[in-house]
Amino acid sequence: MNVHSAEIVISAVSPAQYPDTQLPEIALAGRSNVGKSSFINTLINRKNLARTSSKPGKTQTLNFYLIENALHFVDVPGYGYAKVSKTEREKWGKMIETYLASREQLRAVVSLVDLRHKPSEEDIQMYQFLKYYDIPVIVVATKADKIPRGKWNKHESIVKKALDFDNNDDFILFSSETKMGKEEAWAAIEQRLFA
Ligand code: GDP
């Protein structure tokens with residue numbers, strides 16, 4: 001998809017605030033700093049519509065972006081900030097769970113992991129949660145430019161093994177620096193949108 005129009009529609013915390021439309025949705029999840037904002041901006045050809053490096057303490061909301069009047073990207077706040085209190089983490093968990101487990105028009109979740117590292121406990125939990133709810137996942141392994149090409153396969157295997165990756169899902173090597181994986185990511189998203 002060649003995106004010309006993308007705008008934030010609403011930052012929501014509860015279902016009553018979700019946009020009242022039937023447009024298909026693709027949610028994006030990953031730990032803070034994984035490169036989620038950079039991924040969104042790359043896909044929609046923007047420098048900074050999705051804010052990069054959101055800091056802890058900021059309100060944790062689901063951000064709905066309307067893309068080409070055809071779909072929503074739903075930016076799920078990043079997990080993995082140790083500093084966040086237990087109460088805040090629980091609130092965050094409930095908000096995400098409510099959205100992911102009950103949103104009719106959710107077609108797939110883009111789950112971002114850093115290709116350089118073994119997935120964290122939270123990465124694994126998120127993936128297993130999505131599998132439990134039978135939600136198709138597009139795993140996007142970010143920052144591929146920071147790994148030599150000859151080691152991509154090895155890193156991919158490590159990530160897949162840790163996640164107990166389901167081969168019906170998509171796995172895409174991505175770099176927002178080189179734009180590697182951009183077309184493949186759009187193809188996977190479009191396939192889920194129109195499945
Ligand atoms: P977010 O917190 O998940 O939204 O992560 P950001 O998109 O803000 O990225 C976090 C940091 O990683 C920033 O300094 C980005 O410039 C950097 N970054 C993100 N994606 C890539 C990538 O594909 N390659 C490289 N080399 N750096 C990246």
# chains A, B, ... in the order shown; residues from 1 in each chain; ligands from 1
>>> residues_near_ligand(ligand="ligand 1", cutoff="9 Å", atoms="only C-alpha atoms and all ligand atoms", output="VMD selection string")
chain A and resid 29 to 41 50 to 55 77 to 78 112 114 141 to 146 174 to 180
>>> residues_around(residues="Val9 in chain A", least_positions_apart="4", cutoff="8 Å", atoms="only C-alpha atoms", output="compact mmCIF listing (two decimals) with N, CA and C atoms, in the first residue's frame")
# COMPACT_ATOMS: atom_id res chain seq x y z
N PRO A 19 -12.84 4.00 18.08
CA PRO A 19 -13.62 4.58 16.98
C PRO A 19 -14.80 3.67 16.62
N ASN A 63 -3.40 4.20 20.64
CA ASN A 63 -3.51 5.28 19.65
C ASN A 63 -3.98 4.74 18.31
N PHE A 64 -5.13 5.24 17.87
CA PHE A 64 -5.73 4.78 16.61
C PHE A 64 -5.33 5.73 15.48
N TYR A 65 -4.71 5.19 14.45
CA TYR A 65 -4.35 5.98 13.27
C TYR A 65 -5.21 5.52 12.09
N LEU A 66 -5.82 6.48 11.42
CA LEU A 66 -6.60 6.16 10.24
C LEU A 66 -5.68 6.23 9.02
>>> select_by_dssp(residues="chain A", states="helix (DSSP H, G or I)", output="PyMOL selection string")
chain A and resi 15-17+36-43+86-102+121-132+144-146+149-163+182-193
>>> closest_residue(among="A:Ala70, A:Leu100, A:Ile158, A:Leu163", to="Gln128 in chain A", atoms="only C-alpha atoms")
A:Leu163
>>> closest_atom_pairs(of="range 136-193 of chain A", to="range 121-125 of chain A", cutoff="10 Å", atoms="only C-alpha atoms", output="Markdown table")
| residue | atom | partner | partner_atom | distance |
| --- | --- | --- | --- | --- |
| A:Val159 | CA | A:Ile124 | CA | 9.6 |
| A:Ala162 | CA | A:Ile124 | CA | 7.1 |
| A:Leu163 | CA | A:Ile124 | CA | 5.3 |
| A:Asp164 | CA | A:Ile124 | CA | 8.4 |
| A:Phe165 | CA | A:Ile124 | CA | 9.7 |
>>> closest_residue(among="A:Asn69, A:Ser85, A:Thr21, A:Gln60", to="Ala6 in chain A", atoms="only C-alpha atoms")
A:Asn69
>>> residues_around(residues="Glu97 in chain A", least_positions_apart="4", cutoff="12 Å", atoms="only C-alpha atoms", output="number ranges by chain")
A: 13-15, 29, 62, 76, 90-93, 101-103, 125-126, 129-130, 132-133
>>> atom_distance(atom1="CA of Gln22 in chain A", atom2="CA of Leu71 in chain A")
9.0 Å
>>> atom_distance(atom1="CA of Asn168 in chain A", atom2="CA of Arg107 in chain A")
14.3 Å
>>> residues_around(residues="Ile138 in chain A", least_positions_apart="4", cutoff="9 Å", atoms="only C-alpha atoms", output="VMD selection string")
chain A and resid 108 to 112 169 to 172 185 188 to 189
>>> atom_distance(atom1="CA of Lys182 in chain A", atom2="CA of Arg46 in chain A")
13.1 Å
>>> closest_residue(among="A:Val84, A:Leu49, A:Ile8, A:Leu106", to="Leu28 in chain A", atoms="only C-alpha atoms")
A:Leu106
>>> select_by_dssp(residues="range 13-187 of chain A", states="strand (DSSP E)", output="VMD selection string")
chain A and resid 25 to 30 62 to 67 71 to 75 106 to 114 137 to 142 170 to 173
>>> closest_residue(among="A:Gln17, A:His4, A:Leu43, A:Leu23", to="Ala187 in chain A", atoms="only C-alpha atoms")
A:Leu43
>>> decode(residues="range 19-142 of chain A", atoms="C-alpha atoms", output="compact mmCIF listing (two decimals), in the first residue's frame")
# COMPACT_ATOMS: atom_id res chain seq x y z
CA PRO A 19 -13.62 4.58 16.98
CA ASP A 20 -17.16 3.59 16.11
CA THR A 21 -16.49 2.24 12.60
CA GLN A 22 -16.25 -1.16 10.95
CA LEU A 23 -12.82 -0.51 9.42
CA PRO A 24 -10.37 -3.40 9.80
CA GLU A 25 -7.63 -2.90 12.37
CA ILE A 26 -4.01 -3.94 12.69
CA ALA A 27 -2.53 -3.56 16.16
CA LEU A 28 1.18 -3.04 16.79
CA ALA A 29 2.86 -4.20 19.96
CA GLY A 30 6.38 -4.44 21.29
CA ARG A 31 8.61 -3.45 24.14
CA SER A 32 9.65 0.15 24.49
CA ASN A 33 12.52 1.11 22.21
CA VAL A 34 12.08 -1.89 19.91
CA GLY A 35 11.49 0.44 16.97
CA LYS A 36 7.69 0.44 16.83
CA SER A 37 7.26 4.14 16.09
CA SER A 38 9.98 3.95 13.45
CA PHE A 39 8.20 0.95 11.88
CA ILE A 40 4.86 2.77 11.76
CA ASN A 41 6.44 5.92 10.34
CA THR A 42 8.27 3.88 7.67
CA LEU A 43 5.07 2.13 6.61
CA ILE A 44 3.12 5.36 6.32
CA ASN A 45 5.95 7.36 4.74
CA ARG A 46 6.18 9.85 7.58
CA LYS A 47 9.07 11.13 9.62
CA ASN A 48 7.26 11.39 12.92
CA LEU A 49 3.52 10.91 12.99
CA ALA A 50 3.95 8.12 15.51
CA ARG A 51 6.12 9.57 18.25
CA THR A 52 9.44 7.82 18.67
CA SER A 53 10.74 6.69 22.02
CA SER A 54 7.71 7.39 24.18
CA LYS A 55 8.90 7.80 27.71
CA PRO A 56 7.57 6.12 30.86
CA GLY A 57 5.21 8.17 32.95
CA LYS A 58 3.40 9.30 29.83
CA THR A 59 -0.27 8.34 29.65
CA GLN A 60 -0.55 4.82 28.34
CA THR A 61 -3.16 4.85 25.62
CA LEU A 62 -4.16 2.90 22.54
CA ASN A 63 -3.51 5.28 19.65
CA PHE A 64 -5.73 4.78 16.61
CA TYR A 65 -4.35 5.98 13.27
CA LEU A 66 -6.60 6.16 10.24
CA ILE A 67 -4.72 5.03 7.13
CA GLU A 68 -5.99 5.90 3.64
CA ASN A 69 -9.57 5.92 5.02
CA ALA A 70 -9.29 2.13 4.71
CA LEU A 71 -7.96 0.77 7.99
CA HIS A 72 -6.73 1.65 11.46
CA PHE A 73 -3.31 1.03 12.88
CA VAL A 74 -3.66 0.67 16.63
CA ASP A 75 -0.46 1.56 18.43
CA VAL A 76 -0.33 -0.40 21.66
CA PRO A 77 1.81 1.28 24.32
CA GLY A 78 5.22 -0.34 24.76
CA TYR A 79 5.80 -2.83 27.54
CA GLY A 80 8.95 -3.49 29.47
CA TYR A 81 9.56 -0.41 31.53
CA ALA A 82 10.83 -1.66 34.89
CA LYS A 83 10.11 1.72 36.46
CA VAL A 84 6.36 1.51 35.98
CA SER A 85 4.53 0.60 39.20
CA LYS A 86 2.73 -2.71 39.63
CA THR A 87 -0.66 -0.97 39.66
CA GLU A 88 0.13 0.85 36.42
CA ARG A 89 1.36 -2.35 34.84
CA GLU A 90 -1.85 -4.13 35.79
CA LYS A 91 -3.94 -1.30 34.37
CA TRP A 92 -1.89 -1.44 31.18
CA GLY A 93 -2.36 -5.23 30.98
CA LYS A 94 -6.13 -4.99 31.38
CA MET A 95 -6.42 -2.27 28.74
CA ILE A 96 -4.42 -4.29 26.18
CA GLU A 97 -6.15 -7.54 27.01
CA THR A 98 -9.61 -6.01 26.69
CA TYR A 99 -8.75 -4.59 23.29
CA LEU A 100 -6.97 -7.64 21.86
CA ALA A 101 -9.39 -10.23 23.17
CA SER A 102 -12.61 -8.50 22.20
CA ARG A 103 -12.15 -6.22 19.20
CA GLU A 104 -14.17 -7.72 16.33
CA GLN A 105 -12.39 -5.92 13.51
CA LEU A 106 -8.88 -6.76 14.69
CA ARG A 107 -7.32 -8.67 11.78
CA ALA A 108 -3.77 -9.23 12.98
CA VAL A 109 -1.15 -8.00 15.41
CA VAL A 110 2.27 -6.85 14.31
CA SER A 111 4.49 -8.06 17.14
CA LEU A 112 7.85 -6.31 17.08
CA VAL A 113 10.98 -7.91 18.48
CA ASP A 114 14.61 -6.81 18.28
CA LEU A 115 16.47 -9.14 15.91
CA ARG A 116 19.67 -8.63 17.91
CA HIS A 117 18.38 -10.15 21.14
CA LYS A 118 16.66 -13.22 22.39
CA PRO A 119 12.98 -12.31 22.92
CA SER A 120 12.22 -11.12 26.46
CA GLU A 121 9.79 -12.88 28.78
CA GLU A 122 7.24 -10.18 27.87
CA ASP A 123 7.77 -10.72 24.13
CA ILE A 124 7.09 -14.42 24.65
CA GLN A 125 4.04 -13.79 26.85
CA MET A 126 2.58 -11.41 24.29
CA TYR A 127 3.06 -13.90 21.46
CA GLN A 128 1.58 -16.77 23.46
CA PHE A 129 -1.35 -14.57 24.50
CA LEU A 130 -2.09 -13.79 20.84
CA LYS A 131 -1.85 -17.47 19.93
CA TYR A 132 -4.21 -18.36 22.77
CA TYR A 133 -6.81 -15.99 21.29
CA ASP A 134 -6.14 -17.28 17.76
CA ILE A 135 -5.09 -13.87 16.51
CA PRO A 136 -2.85 -13.93 13.43
CA VAL A 137 0.58 -12.46 14.16
CA ILE A 138 3.07 -10.76 11.91
CA VAL A 139 6.37 -10.94 13.77
CA VAL A 140 8.61 -8.06 12.70
CA ALA A 141 12.23 -8.42 13.75
CA THR A 142 13.61 -4.88 13.88
